[in-house]
>>> print(open('structure.cif').read())   # mmCIF, C-alpha atoms
data_my_file
#
loop_
_atom_site.label_atom_id
_atom_site.label_comp_id
_atom_site.auth_asym_id
_atom_site.auth_seq_id
_atom_site.Cartn_x
_atom_site.Cartn_y
_atom_site.Cartn_z
CA MET X 1 108.00 96.20 265.92
CA HIS X 2 104.85 94.12 265.64
CA THR X 3 104.79 91.67 262.74
CA ALA X 4 101.42 90.93 261.25
CA ASN X 5 100.30 87.35 261.05
CA PRO X 6 100.93 85.83 257.62
CA PRO X 7 97.86 85.60 255.43
CA THR X 8 95.85 82.41 255.73
CA PRO X 9 96.74 80.12 252.83
CA PRO X 10 93.95 79.05 250.53
CA ASP X 11 92.28 75.70 251.14
CA GLU X 12 94.68 72.99 249.98
CA HIS X 13 91.95 70.35 249.69
CA ILE X 14 90.72 69.22 246.30
CA GLU X 15 87.93 66.80 245.47
CA ILE X 16 89.11 63.37 244.28
CA LYS X 17 87.42 60.06 243.48
CA PRO X 18 89.81 57.29 244.60
CA SER X 19 89.10 53.76 243.43
CA VAL X 20 89.49 52.44 247.01
CA LEU X 21 89.11 53.91 250.49
CA TYR X 22 91.88 51.97 252.29
CA PHE X 23 93.24 55.01 254.14
CA GLY X 24 95.51 52.91 256.34
CA THR X 25 94.46 49.94 258.48
CA PRO X 26 96.29 46.89 259.89
CA ILE X 27 96.24 43.71 257.84
CA ALA X 28 94.60 40.66 259.38
CA LEU X 29 95.13 37.15 258.07
CA VAL X 30 91.82 35.48 258.90
CA THR X 31 91.98 31.72 259.18
CA THR X 32 88.78 29.69 258.79
CA LEU X 33 87.91 26.02 258.53
CA ASN X 34 87.21 24.53 255.09
CA PRO X 35 84.57 21.79 254.66
CA ASP X 36 87.38 19.21 254.48
CA ALA X 37 88.74 20.40 257.88
CA THR X 38 91.79 22.12 256.34
CA THR X 39 92.44 25.79 257.15
CA ASN X 40 91.99 28.65 254.68
CA ILE X 41 93.77 32.02 254.97
CA SER X 42 92.02 35.25 253.95
CA PRO X 43 94.15 38.43 253.90
CA MET X 44 92.08 41.51 254.69
CA SER X 45 92.40 45.12 255.78
CA SER X 46 88.70 45.60 256.57
CA ALA X 47 88.81 44.86 260.30
CA TRP X 48 88.30 47.05 263.37
CA ALA X 49 88.02 46.41 267.10
CA LEU X 50 85.57 47.64 269.73
CA ASP X 51 85.89 46.22 273.25
CA ASP X 52 85.91 42.42 272.83
CA ARG X 53 84.48 42.54 269.29
CA VAL X 54 86.30 42.64 265.96
CA VAL X 55 84.20 43.44 262.90
CA LEU X 56 85.30 42.02 259.55
CA GLY X 57 84.34 42.89 255.99
CA PHE X 58 84.30 39.84 253.70
CA SER X 59 83.46 39.75 250.01
CA SER X 60 80.35 37.64 249.49
CA THR X 61 82.14 35.22 247.14
CA SER X 62 85.11 34.51 249.40
CA ARG X 63 85.79 31.07 250.84
CA GLY X 64 86.69 32.74 254.15
CA ARG X 65 83.25 34.34 254.46
CA GLU X 66 81.52 31.08 253.64
CA ASN X 67 83.63 29.20 256.19
CA ALA X 68 83.15 31.82 258.93
CA VAL X 69 79.37 31.87 258.53
CA ARG X 70 79.12 28.07 258.47
CA GLU X 71 81.56 27.22 261.28
CA ARG X 72 81.11 30.38 263.40
CA GLN X 73 84.82 30.32 264.28
CA VAL X 74 87.86 32.28 263.06
CA VAL X 75 91.39 33.18 264.08
CA LEU X 76 92.61 36.72 263.41
CA ASN X 77 96.36 36.63 262.84
CA PHE X 78 98.19 39.98 262.73
CA PRO X 79 101.46 39.99 260.74
CA SER X 80 104.45 42.25 261.34
CA PRO X 81 105.85 44.40 258.49
CA ASP X 82 108.61 41.91 257.61
CA LEU X 83 105.95 39.37 256.65
CA TRP X 84 104.53 41.46 253.81
CA PRO X 85 106.09 39.28 251.04
CA LYS X 86 104.32 36.23 252.52
CA VAL X 87 101.04 38.16 252.63
CA GLU X 88 101.47 39.26 249.01
CA ALA X 89 102.30 35.67 248.02
CA ILE X 90 98.68 34.68 248.77
CA ALA X 91 97.02 37.96 247.70
CA ARG X 92 95.95 36.49 244.31
CA LEU X 93 94.96 33.11 245.68
CA THR X 94 91.45 31.97 246.51
CA GLY X 95 90.14 28.90 248.26
CA ARG X 96 87.13 28.76 245.93
CA ASN X 97 87.17 26.26 243.08
CA PRO X 98 86.14 27.17 240.46
CA VAL X 99 87.42 30.72 240.83
CA PRO X 100 84.55 33.26 240.65
CA PRO X 101 84.49 34.94 237.20
CA HIS X 102 85.15 38.46 238.49
CA LYS X 103 88.26 37.17 240.30
CA GLN X 104 89.43 35.28 237.22
CA GLN X 105 89.40 38.58 235.34
CA ILE X 106 91.98 40.12 237.68
CA GLY X 107 94.27 37.12 237.87
CA TYR X 108 93.14 35.10 240.91
CA ARG X 109 93.82 31.36 240.95
CA PHE X 110 92.70 28.51 243.16
CA GLU X 111 95.05 27.29 245.89
CA ALA X 112 94.08 24.62 248.38
CA ASP X 113 97.09 25.08 250.69
CA LYS X 114 97.80 28.75 251.33
CA PHE X 115 100.08 27.92 254.26
CA ASP X 116 102.45 26.18 251.87
CA ALA X 117 102.08 28.87 249.19
CA ALA X 118 103.10 31.62 251.63
CA GLY X 119 105.58 29.65 253.69
CA PHE X 120 103.50 30.03 256.85
CA THR X 121 103.48 27.48 259.68
CA PRO X 122 100.12 26.18 260.99
CA GLN X 123 99.78 26.24 264.78
CA ALA X 124 96.91 24.58 266.64
CA ALA X 125 94.38 26.88 268.25
CA GLU X 126 93.21 26.22 271.82
CA ILE X 127 89.51 27.05 271.66
CA VAL X 128 88.48 27.17 267.98
CA ARG X 129 89.16 24.71 265.16
CA PRO X 130 90.94 26.82 262.48
CA ALA X 131 94.72 26.85 262.79
CA ARG X 132 96.70 29.88 263.87
CA ILE X 133 99.64 31.26 261.88
CA ALA X 134 102.78 30.77 263.98
CA GLU X 135 104.74 33.61 262.35
CA CYS X 136 102.13 36.25 263.28
CA PRO X 137 103.09 37.96 266.58
CA ILE X 138 99.46 38.50 267.66
CA GLN X 139 96.57 36.05 267.22
CA PHE X 140 92.92 36.35 268.29
CA GLU X 141 90.78 33.22 268.56
CA ALA X 142 87.20 34.35 268.02
CA GLU X 143 83.63 33.23 267.49
CA VAL X 144 81.17 34.69 264.98
CA VAL X 145 78.25 36.30 266.83
CA ALA X 146 76.44 38.13 264.02
CA VAL X 147 76.38 38.54 260.26
CA HIS X 148 75.15 41.85 258.81
CA GLU X 149 74.23 42.95 255.31
CA PRO X 150 75.50 46.41 254.34
CA GLY X 151 72.95 49.20 254.63
CA GLY X 152 72.05 51.92 252.17
CA ASP X 153 71.85 51.62 248.42
CA TRP X 154 74.55 49.00 247.84
CA PRO X 155 74.66 48.00 244.13
CA TRP X 156 73.72 44.36 244.64
CA GLU X 157 73.95 43.64 240.92
CA GLN X 158 77.74 43.84 241.25
CA PRO X 159 79.42 40.42 241.63
CA GLU X 160 81.72 41.67 244.42
CA SER X 161 79.22 42.47 247.18
CA TYR X 162 80.14 41.89 250.80
CA GLN X 163 78.97 40.95 254.29
CA ILE X 164 79.92 42.40 257.67
CA ILE X 165 80.82 39.72 260.18
CA GLU X 166 80.94 40.52 263.89
CA THR X 167 83.22 38.35 266.01
CA ARG X 168 83.83 38.06 269.75
CA VAL X 169 87.44 37.53 270.79
CA LEU X 170 87.80 34.51 273.10
CA ARG X 171 91.56 34.27 273.57
CA VAL X 172 94.58 36.39 272.67
CA HIS X 173 98.05 34.99 271.97
CA ALA X 174 101.17 37.17 271.65
CA HIS X 175 104.81 36.39 270.99
CA ARG X 176 106.72 36.56 274.26
CA GLY X 177 109.08 39.19 272.85
CA ILE X 178 106.33 41.80 272.38
CA VAL X 179 104.78 41.46 275.86
CA LEU X 180 105.97 43.64 278.74
CA PRO X 181 107.41 41.15 281.28
CA GLY X 182 105.13 40.47 284.23
CA THR X 183 102.13 42.24 282.61
CA GLN X 184 99.23 41.60 280.25
CA HIS X 185 100.30 44.49 278.01
CA ILE X 186 101.76 44.60 274.52
CA ASP X 187 105.12 46.39 274.39
CA THR X 188 104.35 49.01 271.72
CA SER X 189 108.05 49.71 271.26
CA ARG X 190 108.42 46.15 269.94
CA TRP X 191 105.08 45.44 268.23
CA LYS X 192 104.56 47.08 264.83
CA PRO X 193 101.57 46.04 262.70
CA LEU X 194 101.66 45.65 258.94
CA LEU X 195 99.50 48.43 257.45
CA TYR X 196 97.60 48.53 254.16
CA VAL X 197 97.49 52.07 252.76
CA PHE X 198 95.78 52.62 249.41
CA ARG X 199 96.95 49.14 248.32
CA HIS X 200 100.54 49.61 249.47
CA TYR X 201 102.24 47.90 252.43
CA PHE X 202 103.73 49.99 255.26
CA GLY X 203 105.08 49.54 258.74
CA THR X 204 104.64 52.12 261.50
CA GLY X 205 107.03 54.90 262.43
CA ALA X 206 108.30 56.18 265.76
CA ASP X 207 106.08 56.40 268.83
CA LEU X 208 104.61 59.93 268.87
CA GLY X 209 103.00 59.76 272.32
CA ARG X 210 100.14 58.08 274.10
CA THR X 211 96.51 58.82 274.85
CA PHE X 212 95.40 59.50 278.43
CA LYS X 213 93.71 56.09 278.43
CA ALA X 214 96.98 54.21 277.98
CA GLU X 215 97.73 51.98 280.99
CA VAL X 216 101.50 51.85 280.50
#
>>> encode(input="structure.cif", output="structure tokens")
Amino acid sequence: MHTANPPTPPDEHIEIKPSVLYFGTPIALVTTLNPDATTNISPMSSAWALDDRVVLGFSSTSRGRENAVRERQVVLNFPSPDLWPKVEAIARLTGRNPVPPHKQQIGYRFEADKFDAAGFTPQAAEIVRPARIAECPIQFEAEVVAVHEPGGDWPWEQPESYQIIETRVLRVHAHRGIVLPGTQHIDTSRWKPLLYVFRHYFGTGADLGRTFKAEV
């Protein structure tokens, strides 16, 4: 006996107005060189890659943005999920002194040494001047190639505007344990990025499959 298809359920989507649009992206700890030659750490989730470029979104008042534009060099350090407490330890810290008023209002404070505050270990880079973060399994040394203002009708009267910084990756470092032996490939069964999802920290789940472009 033929069974009719069940009725199509009504649309389950509703309109919402979330305060942020962080739908789920990897966290990058961007290290930049301060004017006194020390290294600043800027946690961010506004980063995406295309070929040899990584595009970063910095708030206009951040020390990291100022350093990146001035020095034209950065290191992108990618933490694993177990490092989230160290990332959160510097989430309210800023390298700017005095602290910008809008950051003071939400509890930011100045910290000159974010490596010490988080318990991270500085590691010398090979091409650029900012230090790498030894605990991060993947590190990109990169140069700044362009700085873009956001398009459209951005409300510039707001204190927390931003700039889009385009970087070119010059060298990639990876912990030996997450590289497939004898190859140039990351072992995706061992490497799990730390994700930022609507202001919550997550790791990744099981491997669901691979795209046809995957080499291994």
>>> resolve_selection(input="structure.cif", expression="the PyMOL selection byres ((chain X and resi 66-70) around 12)", output="VMD selection string")
chain X and resid 30 to 42 56 to 65 71 to 76 95 to 96 128 to 130 142 to 148 162 to 167
>>> residues_around(input="structure.cif", residues="X:Pro122", least_positions_apart="4", cutoff="9 Å", atoms="only C-alpha atoms", output="PDB file with C-alpha atoms, in the coordinates of the input")
ATOM      1  CA  THR X  39      92.440  25.790 257.150  1.00  0.00           C
ATOM      2  CA  PHE X 115     100.080  27.920 254.260  1.00  0.00           C
ATOM      3  CA  ALA X 131      94.720  26.850 262.790  1.00  0.00           C
ATOM      4  CA  ARG X 132      96.700  29.880 263.870  1.00  0.00           C
ATOM      5  CA  ILE X 133      99.640  31.260 261.880  1.00  0.00           C
ATOM      6  CA  ALA X 134     102.780  30.770 263.980  1.00  0.00           C
ATOM      7  CA  GLU X 135     104.740  33.610 262.350  1.00  0.00           C
TER       8      GLU X 135
END
>>> resolve_selection(input="structure.cif", expression="the PyMOL selection byres ((chain X and resi 138) around 6)", output="PyMOL selection string")
chain X and resi 78+136-137+139+173-174
>>> atom_distance(input="structure.cif", atom1="atom CA of X:Ala112", atom2="atom CA of X:Glu88")
16.4 Å
>>> closest_residue(input="structure.cif", among="X:Pro10, X:Gly177, X:Pro193, X:Gly24", to="X:Ser46", atoms="all atoms listed in the file")
X:Gly24
>>> decode(input="structure.cif", residues="stretch 33-52 of chain X", atoms="N, CA and C atoms", output="PDB file, in the first residue's frame")
ATOM      1  N   LEU X  33      54.625  43.760  16.759  1.00  0.00           N
ATOM      2  CA  LEU X  33      55.750  44.388  17.460  1.00  0.00           C
ATOM      3  C   LEU X  33      55.363  45.760  17.994  1.00  0.00           C
ATOM      4  N   ASN X  34      55.514  45.943  19.317  1.00  0.00           N
ATOM      5  CA  ASN X  34      55.281  47.237  19.950  1.00  0.00           C
ATOM      6  C   ASN X  34      56.413  48.209  19.622  1.00  0.00           C
ATOM      7  N   PRO X  35      56.195  49.511  19.832  1.00  0.00           N
ATOM      8  CA  PRO X  35      57.269  50.486  19.573  1.00  0.00           C
ATOM      9  C   PRO X  35      58.532  50.226  20.373  1.00  0.00           C
ATOM     10  N   ASP X  36      58.410  49.584  21.557  1.00  0.00           N
ATOM     11  CA  ASP X  36      59.599  49.300  22.365  1.00  0.00           C
ATOM     12  C   ASP X  36      60.218  47.944  22.037  1.00  0.00           C
ATOM     13  N   ALA X  37      59.799  47.344  20.920  1.00  0.00           N
ATOM     14  CA  ALA X  37      60.346  46.074  20.412  1.00  0.00           C
ATOM     15  C   ALA X  37      59.871  44.854  21.206  1.00  0.00           C
ATOM     16  N   THR X  38      58.935  45.019  22.144  1.00  0.00           N
ATOM     17  CA  THR X  38      58.296  43.867  22.774  1.00  0.00           C
ATOM     18  C   THR X  38      57.160  43.399  21.870  1.00  0.00           C
ATOM     19  N   THR X  39      56.607  42.217  22.170  1.00  0.00           N
ATOM     20  CA  THR X  39      55.564  41.648  21.319  1.00  0.00           C
ATOM     21  C   THR X  39      54.210  41.709  22.001  1.00  0.00           C
ATOM     22  N   ASN X  40      53.216  42.189  21.282  1.00  0.00           N
ATOM     23  CA  ASN X  40      51.831  42.251  21.750  1.00  0.00           C
ATOM     24  C   ASN X  40      51.059  41.055  21.193  1.00  0.00           C
ATOM     25  N   ILE X  41      50.049  40.603  21.935  1.00  0.00           N
ATOM     26  CA  ILE X  41      49.182  39.520  21.470  1.00  0.00           C
ATOM     27  C   ILE X  41      47.752  40.043  21.354  1.00  0.00           C
ATOM     28  N   SER X  42      47.143  39.860  20.178  1.00  0.00           N
ATOM     29  CA  SER X  42      45.755  40.266  19.955  1.00  0.00           C
ATOM     30  C   SER X  42      44.911  39.044  19.619  1.00  0.00           C
ATOM     31  N   PRO X  43      44.033  38.601  20.540  1.00  0.00           N
ATOM     32  CA  PRO X  43      43.123  37.498  20.192  1.00  0.00           C
ATOM     33  C   PRO X  43      42.055  38.002  19.216  1.00  0.00           C
ATOM     34  N   MET X  44      41.768  37.225  18.194  1.00  0.00           N
ATOM     35  CA  MET X  44      40.711  37.616  17.262  1.00  0.00           C
ATOM     36  C   MET X  44      40.080  36.393  16.624  1.00  0.00           C
ATOM     37  N   SER X  45      38.820  36.566  16.192  1.00  0.00           N
ATOM     38  CA  SER X  45      38.145  35.516  15.428  1.00  0.00           C
ATOM     39  C   SER X  45      37.797  36.012  14.029  1.00  0.00           C
ATOM     40  N   SER X  46      38.186  37.249  13.711  1.00  0.00           N
ATOM     41  CA  SER X  46      37.882  37.827  12.404  1.00  0.00           C
ATOM     42  C   SER X  46      39.067  37.639  11.468  1.00  0.00           C
ATOM     43  N   ALA X  47      39.267  36.406  11.034  1.00  0.00           N
ATOM     44  CA  ALA X  47      40.376  36.086  10.130  1.00  0.00           C
ATOM     45  C   ALA X  47      39.928  35.019   9.151  1.00  0.00           C
ATOM     46  N   TRP X  48      40.277  35.179   7.864  1.00  0.00           N
ATOM     47  CA  TRP X  48      39.975  34.133   6.891  1.00  0.00           C
ATOM     48  C   TRP X  48      41.074  34.087   5.834  1.00  0.00           C
ATOM     49  N   ALA X  49      41.252  32.899   5.265  1.00  0.00           N
ATOM     50  CA  ALA X  49      42.361  32.650   4.338  1.00  0.00           C
ATOM     51  C   ALA X  49      41.879  32.478   2.908  1.00  0.00           C
ATOM     52  N   LEU X  50      42.684  32.963   1.970  1.00  0.00           N
ATOM     53  CA  LEU X  50      42.441  32.772   0.539  1.00  0.00           C
ATOM     54  C   LEU X  50      43.802  32.683  -0.135  1.00  0.00           C
ATOM     55  N   ASP X  51      44.122  31.468  -0.627  1.00  0.00           N
ATOM     56  CA  ASP X  51      45.432  31.217  -1.223  1.00  0.00           C
ATOM     57  C   ASP X  51      46.513  31.560  -0.195  1.00  0.00           C
ATOM     58  N   ASP X  52      47.445  32.468  -0.535  1.00  0.00           N
ATOM     59  CA  ASP X  52      48.514  32.769   0.425  1.00  0.00           C
ATOM     60  C   ASP X  52      48.195  34.003   1.266  1.00  0.00           C
TER      61      ASP X  52
END
